[in-house]
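Some notes on the structure that comes next.
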Amino acid sequence: MQDTKGEVLCVTSNFPRWEGDSTTPFVLSLAEDLQQEGWNIDVLAPHAPDALRMETINGVRVSRFQYLWPEKAQTVCYQGGALVNLRKNPLNKLKLPILVLFELLSMGWQLLTKKYSLIHAHWILPQGFNAVILGKLFHKPTVVTVHGGDIFGLQGRVMSSFKRWVLENASAVTVNSEFTKAAVLAQTSKINVLEKIPMGVSTKPLTENQQSRVDLIRQKYKRVNSPLVIFLGRLVEEKGVGDLLEAMRLIVQELPEIQCLIAGEGQDKDKFQSYCAELGLDGNVQFLGWVQFEEVPLYLAAADIFIGTSKTSANGWVEAQGLTFLEAMAAETVVIATASGGIKESVIHQQTGFLVDEGSPSQIAKVVLSVSNDNLKPGDVVKRATKHVQENFSRNIVAEKFDNLFEELV
């Protein structure tokens with residue numbers, strides 16, 4: 001590791017609560033990579049039941065602030081994300097102002113007790129809002145990273161005014177795709193610095209031991225002469241799992257031995273499992289539950305086809321980037337995805353994958369059958385997809401871009 005370039009306070013509402021947690025660890029991965037670039041990263045995140053208040057994960061120092069008592073009352077974040085929790089349980093909206101206040105106080109305490117060079121806030125609200133306030137108070141540069149849900153899912157005059165204020169007063173704003181960038185600029189063009197820096201994925205080749213485990217997964221789930229299909233993500237309505245199941249009903253009529261693995265957890269899991277049984281797919285579809293982070297590349301590599309069926313939700317949420325699509329491409333697996341949001345920037349139709357319309361099970365089925373018959377030459381698509389990820393979305397490239405931005409601001 002290089003000499004220390006500075007201390008960074010990273011504030012997020014999405015961070016693993018413990019080792020092996022089902023919370024996607026992309027913020028942790030970025031923190032690890034930035035430490036390799038020479039920055040000391042302290043992460044501040046909301047507490048959750050059974051989580052530690054303070055710990056170090058892979059060299060990253062983590063503090064979690066408690067915002068409600070007893071612990072089990074803390075239900076705004078995690079378990080699929082704050083936006084989903086607010087939609088599923090309206091009572092969480094009453095808890096949101098308390099979370100924002102305690103986050104502000106916890107950030108202030110961190111800034112009082114340690115000399116930070118920069119504040120990095122993930123999501124505009126509430127982290128970006130609190131970060132900009134305290135950045136002005138403590139005279140610290142503030143980077144606000146927009147992931148998508150914060151710009152698409154929080155609508156209305158009041159929320160828009162808060163978002164606009166944050167975007168205009170942050171030292172710099174980063175977005176994960178051109179799609180997200182357009183939405184940010186639709187809010188305001190008065191932004192000090194605006195850069196597109198996507199979240200990155202690992203592009204390291206599998207070790208011999210990992211490849212052996214991939215082979216075991218294929219032996220366990222794949223059936224002769226039929227593709228092994230996988231979905232990996234949150235089991236919530238906007239991820240389109242219902243459309244995937246309907247597509248499988250159609251595919252089974254032509255490929256009765258096809259197997260589909262659905263990996264992930266979420267608030268709608270029970271509903272999807274019931275729908276799967278209703279469609280008579282229990283012999284073709286298996287719900288794996290959450291797959292450990294280090295196992296994700298193995299399951300993706302074991303599959304022949306990854307299907308991502310994300311669609312626009314009722315509250316305006318849309319897939320702004322889609323890390324799992326990139327991970328599947330890096331694993332040299334054929335990707336079939338909906339032409340939704342920022343997905344189209346990584347999955348380019350018939351170049352790096354295959355695109356279908358949102359909510360179109362019949363189109364998904366048609367492409368799966370074509371790929372399984374090799375009619376669409378998936379081998380060439382896979383090669384281009386892997387190269388595309390390596391050149392544009394690797395964790396190293398992303399960390400270098402954030403490193404350059406931090407150095408300019410500090």
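Chain labels run A, B, ... following the order of the structure tokens; each chain numbers its residues from 1, and ligands are numbered from 1 in the order shown.
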
message = Taking the DSSP secondary structure from the backbone, can you list the residues of range 126-247 of chain A that are strand (DSSP E), as a PyMOL selection string?
response = chain A and resi 142-146+172-175+194-196+228-232

message = I'd like the contact shell of Gln286 in chain A - 9 Å cut-off, only C-alpha atoms, skipping same-chain residues fewer than 3 positions apart - returned as a ChimeraX atom specification.
response = /A:259-263,281-283

Can you tell me which residues surround range 154-158 of chain A at a distance of at most 9 Å, considering only C-alpha atoms, apart from same-chain residues fewer than 3 positions away, and format the answer as a PDB file with N, CA and C atoms, in the first residue's frame?
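Below you can see selection.pdb, which holds the result:
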```
ATOM      1  N   LEU A  83     -35.879   1.938   0.073  1.00  0.00           N
ATOM      2  CA  LEU A  83     -37.040   2.250  -0.755  1.00  0.00           C
ATOM      3  C   LEU A  83     -38.078   1.139  -0.709  1.00  0.00           C
ATOM      4  N   LEU A 125     -29.979  11.252  -0.754  1.00  0.00           N
ATOM      5  CA  LEU A 125     -30.735  11.375   0.490  1.00  0.00           C
ATOM      6  C   LEU A 125     -30.734  10.053   1.229  1.00  0.00           C
ATOM      7  N   GLY A 149     -31.479   4.708  -7.416  1.00  0.00           N
ATOM      8  CA  GLY A 149     -32.721   4.702  -6.661  1.00  0.00           C
ATOM      9  C   GLY A 149     -33.000   6.038  -6.011  1.00  0.00           C
ATOM     10  N   ASP A 150     -31.948   6.746  -5.630  1.00  0.00           N
ATOM     11  CA  ASP A 150     -32.111   8.037  -4.970  1.00  0.00           C
ATOM     12  C   ASP A 150     -32.588   9.121  -5.920  1.00  0.00           C
ATOM     13  N   ILE A 151     -32.258   9.016  -7.203  1.00  0.00           N
ATOM     14  CA  ILE A 151     -32.684  10.030  -8.162  1.00  0.00           C
ATOM     15  C   ILE A 151     -33.997   9.646  -8.833  1.00  0.00           C
ATOM     16  N   SER A 161     -36.675  19.193  -4.266  1.00  0.00           N
ATOM     17  CA  SER A 161     -35.973  20.399  -3.818  1.00  0.00           C
ATOM     18  C   SER A 161     -34.779  20.040  -2.950  1.00  0.00           C
ATOM     19  N   PHE A 162     -34.947  19.029  -2.086  1.00  0.00           N
ATOM     20  CA  PHE A 162     -33.823  18.569  -1.265  1.00  0.00           C
ATOM     21  C   PHE A 162     -32.711  18.006  -2.148  1.00  0.00           C
ATOM     22  N   LYS A 163     -33.078  17.187  -3.124  1.00  0.00           N
ATOM     23  CA  LYS A 163     -32.083  16.590  -4.014  1.00  0.00           C
ATOM     24  C   LYS A 163     -31.340  17.669  -4.797  1.00  0.00           C
ATOM     25  N   ASN A 315     -42.959   3.212  -8.060  1.00  0.00           N
ATOM     26  CA  ASN A 315     -42.492   4.469  -7.467  1.00  0.00           C
ATOM     27  C   ASN A 315     -41.406   5.149  -8.305  1.00  0.00           C
ATOM     28  N   GLY A 316     -41.158   4.622  -9.500  1.00  0.00           N
ATOM     29  CA  GLY A 316     -40.209   5.259 -10.406  1.00  0.00           C
ATOM     30  C   GLY A 316     -38.816   4.669 -10.395  1.00  0.00           C
ATOM     31  N   TRP A 317     -38.548   3.706  -9.490  1.00  0.00           N
ATOM     32  CA  TRP A 317     -37.221   3.089  -9.448  1.00  0.00           C
ATOM     33  C   TRP A 317     -36.945   2.378 -10.768  1.00  0.00           C
TER      34      TRP A 317
END
```

message = So, with only C-alpha atoms as the atoms that count, which of A:Leu44, A:Ala247, A:Ala82, A:Ala331 lies closest to Lys387 in chain A?
response =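 Among the listed residues, the smallest separation from Lys387 in chain A belongs to A:Ala331.
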
task = Would you please work out which residue, of A:Leu279, A:Glu257, A:Asn209, A:Ala303, is nearest to Ile230 in chain A when using only C-alpha atoms?
result =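 Looking only at the distances to Ile230 in chain A, the closest residue turns out to be A:Ala303.
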
key: Selection near range 27-35 of chain A, 9 Å with only C-alpha atoms, sequence-local residues under 2 positions removed, as number ranges by chain   = A: 1-2, 4, 10, 12, 14-16, 24-25, 37-43, 57-60, 122, 199-201, 395-396, 398-400, 402-403

Write out, as a CSV table (one decimal), in the first residue's frame, the residues just selected, with N, CA and C atoms.
```
chain,number,residue,atom,x,y,z
A,1,MET,N,0.8,-1.2,0.0
A,1,MET,CA,0.0,0.0,0.0
A,1,MET,C,0.9,1.2,0.0
A,2,GLN,N,0.4,2.3,-0.7
A,2,GLN,CA,1.1,3.6,-0.8
A,2,GLN,C,1.0,4.3,0.6
A,4,THR,N,-0.2,7.2,3.1
A,4,THR,CA,-1.5,7.6,3.2
A,4,THR,C,-1.8,9.0,2.5
A,10,CYS,N,-16.7,7.7,4.8
A,10,CYS,CA,-17.6,7.2,3.8
A,10,CYS,C,-19.0,6.9,4.6
A,12,THR,N,-22.9,5.7,4.3
A,12,THR,CA,-23.8,4.9,3.4
A,12,THR,C,-24.9,4.3,4.2
A,14,ASN,N,-26.2,1.4,2.9
A,14,ASN,CA,-26.2,0.0,2.4
A,14,ASN,C,-24.8,-0.5,2.6
A,15,PHE,N,-24.6,-1.4,3.6
A,15,PHE,CA,-23.3,-2.0,3.9
A,15,PHE,C,-23.5,-3.3,4.7
A,16,PRO,N,-22.7,-4.3,4.4
A,16,PRO,CA,-22.8,-5.6,5.1
A,16,PRO,C,-22.9,-5.5,6.6
A,24,THR,N,-25.6,-6.4,-0.4
A,24,THR,CA,-24.6,-6.4,-1.5
A,24,THR,C,-23.4,-5.5,-1.1
A,25,PRO,N,-22.2,-6.0,-1.2
A,25,PRO,CA,-21.0,-5.3,-0.6
A,25,PRO,C,-20.3,-4.4,-1.5
A,37,GLU,N,-5.4,2.3,-2.9
A,37,GLU,CA,-4.9,3.5,-3.6
A,37,GLU,C,-4.2,4.4,-2.6
A,38,GLY,N,-4.3,4.1,-1.3
A,38,GLY,CA,-3.6,5.0,-0.3
A,38,GLY,C,-4.5,5.8,0.6
A,39,TRP,N,-5.8,5.6,0.5
A,39,TRP,CA,-6.7,6.4,1.4
A,39,TRP,C,-7.1,5.5,2.6
A,40,ASN,N,-7.2,6.2,3.7
A,40,ASN,CA,-7.8,5.5,4.9
A,40,ASN,C,-9.3,5.7,4.9
A,41,ILE,N,-10.1,4.7,4.9
A,41,ILE,CA,-11.5,4.8,4.8
A,41,ILE,C,-12.2,4.4,6.1
A,42,ASP,N,-13.0,5.3,6.7
A,42,ASP,CA,-13.9,5.0,7.8
A,42,ASP,C,-15.3,5.0,7.3
A,43,VAL,N,-16.0,3.9,7.5
A,43,VAL,CA,-17.4,3.8,7.0
A,43,VAL,C,-18.3,4.0,8.2
A,57,ILE,N,-13.7,-4.7,8.8
A,57,ILE,CA,-14.0,-5.7,7.8
A,57,ILE,C,-13.0,-5.6,6.7
A,58,ASN,N,-12.2,-6.6,6.5
A,58,ASN,CA,-11.2,-6.6,5.4
A,58,ASN,C,-10.3,-5.3,5.4
A,59,GLY,N,-10.0,-4.9,6.6
A,59,GLY,CA,-9.1,-3.7,6.8
A,59,GLY,C,-9.9,-2.4,6.8
A,60,VAL,N,-11.2,-2.4,6.6
A,60,VAL,CA,-12.0,-1.2,6.6
A,60,VAL,C,-12.7,-1.0,7.9
A,122,HIS,N,-22.7,8.1,-0.1
A,122,HIS,CA,-23.4,7.2,-1.1
A,122,HIS,C,-24.9,7.5,-1.0
A,199,MET,N,-19.9,1.7,-10.6
A,199,MET,CA,-19.3,0.8,-9.6
A,199,MET,C,-18.6,-0.3,-10.3
A,200,GLY,N,-17.6,-0.9,-9.8
A,200,GLY,CA,-16.8,-1.9,-10.5
A,200,GLY,C,-17.0,-3.3,-10.0
A,201,VAL,N,-16.6,-4.2,-10.8
A,201,VAL,CA,-16.7,-5.6,-10.5
A,201,VAL,C,-15.3,-6.3,-10.7
A,395,ARG,N,-12.8,-3.3,-11.1
A,395,ARG,CA,-12.7,-2.6,-9.8
A,395,ARG,C,-11.4,-1.7,-9.8
A,396,ASN,N,-10.4,-2.1,-10.4
A,396,ASN,CA,-9.1,-1.3,-10.5
A,396,ASN,C,-9.4,0.0,-11.2
A,398,VAL,N,-12.2,1.6,-11.7
A,398,VAL,CA,-13.1,2.5,-10.9
A,398,VAL,C,-12.4,3.1,-9.8
A,399,ALA,N,-11.6,2.3,-9.0
A,399,ALA,CA,-10.9,2.9,-7.9
A,399,ALA,C,-9.9,4.0,-8.3
A,400,GLU,N,-9.3,3.8,-9.5
A,400,GLU,CA,-8.4,4.9,-10.0
A,400,GLU,C,-9.1,6.2,-10.3
A,402,PHE,N,-12.0,7.2,-8.8
A,402,PHE,CA,-12.3,7.9,-7.6
A,402,PHE,C,-11.1,8.5,-6.9
A,403,ASP,N,-9.9,7.8,-7.0
A,403,ASP,CA,-8.7,8.2,-6.5
A,403,ASP,C,-8.3,9.6,-7.1
```

task = Would you mind listing what lies within 9 Å of range 180-186 of chain A as an NGL selection string, with only C-alpha atoms counted and same-chain residues fewer than 4 positions away left out?
result = :A and (146-148 or 151-152 or 164 or 167 or 174-176 or 190-191 or 194-196 or 320-321 or 341-342)

Just-selected residues, C-alpha atoms written as an mmCIF file, in the first residue's frame:
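So result-v9.cif came out as:
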```cif
data_model
loop_
_atom_site.group_PDB
_atom_site.id
_atom_site.type_symbol
_atom_site.label_atom_id
_atom_site.label_comp_id
_atom_site.auth_asym_id
_atom_site.auth_seq_id
_atom_site.Cartn_x
_atom_site.Cartn_y
_atom_site.Cartn_z
ATOM 1 C CA VAL A 146 -25.713 8.808 -7.036
ATOM 2 C CA HIS A 147 -26.638 5.137 -7.475
ATOM 3 C CA GLY A 148 -30.013 5.516 -9.171
ATOM 4 C CA ILE A 151 -32.684 10.030 -8.162
ATOM 5 C CA PHE A 152 -35.462 7.871 -9.678
ATOM 6 C CA ARG A 164 -31.476 19.706 -6.065
ATOM 7 C CA LEU A 167 -26.497 18.268 -6.051
ATOM 8 C CA THR A 174 -20.559 11.020 -9.382
ATOM 9 C CA VAL A 175 -23.076 8.922 -11.296
ATOM 10 C CA ASN A 176 -22.918 5.281 -12.305
ATOM 11 C CA LYS A 190 -25.693 23.831 -11.499
ATOM 12 C CA ILE A 191 -23.252 21.151 -10.366
ATOM 13 C CA LEU A 194 -20.081 15.907 -12.366
ATOM 14 C CA GLU A 195 -18.307 12.675 -13.310
ATOM 15 C CA LYS A 196 -19.523 9.313 -14.521
ATOM 16 C CA ALA A 320 -29.407 2.503 -13.035
ATOM 17 C CA GLN A 321 -26.416 0.235 -13.663
ATOM 18 C CA GLY A 341 -32.313 2.125 -17.510
ATOM 19 C CA GLY A 342 -28.539 1.915 -17.386
#
```
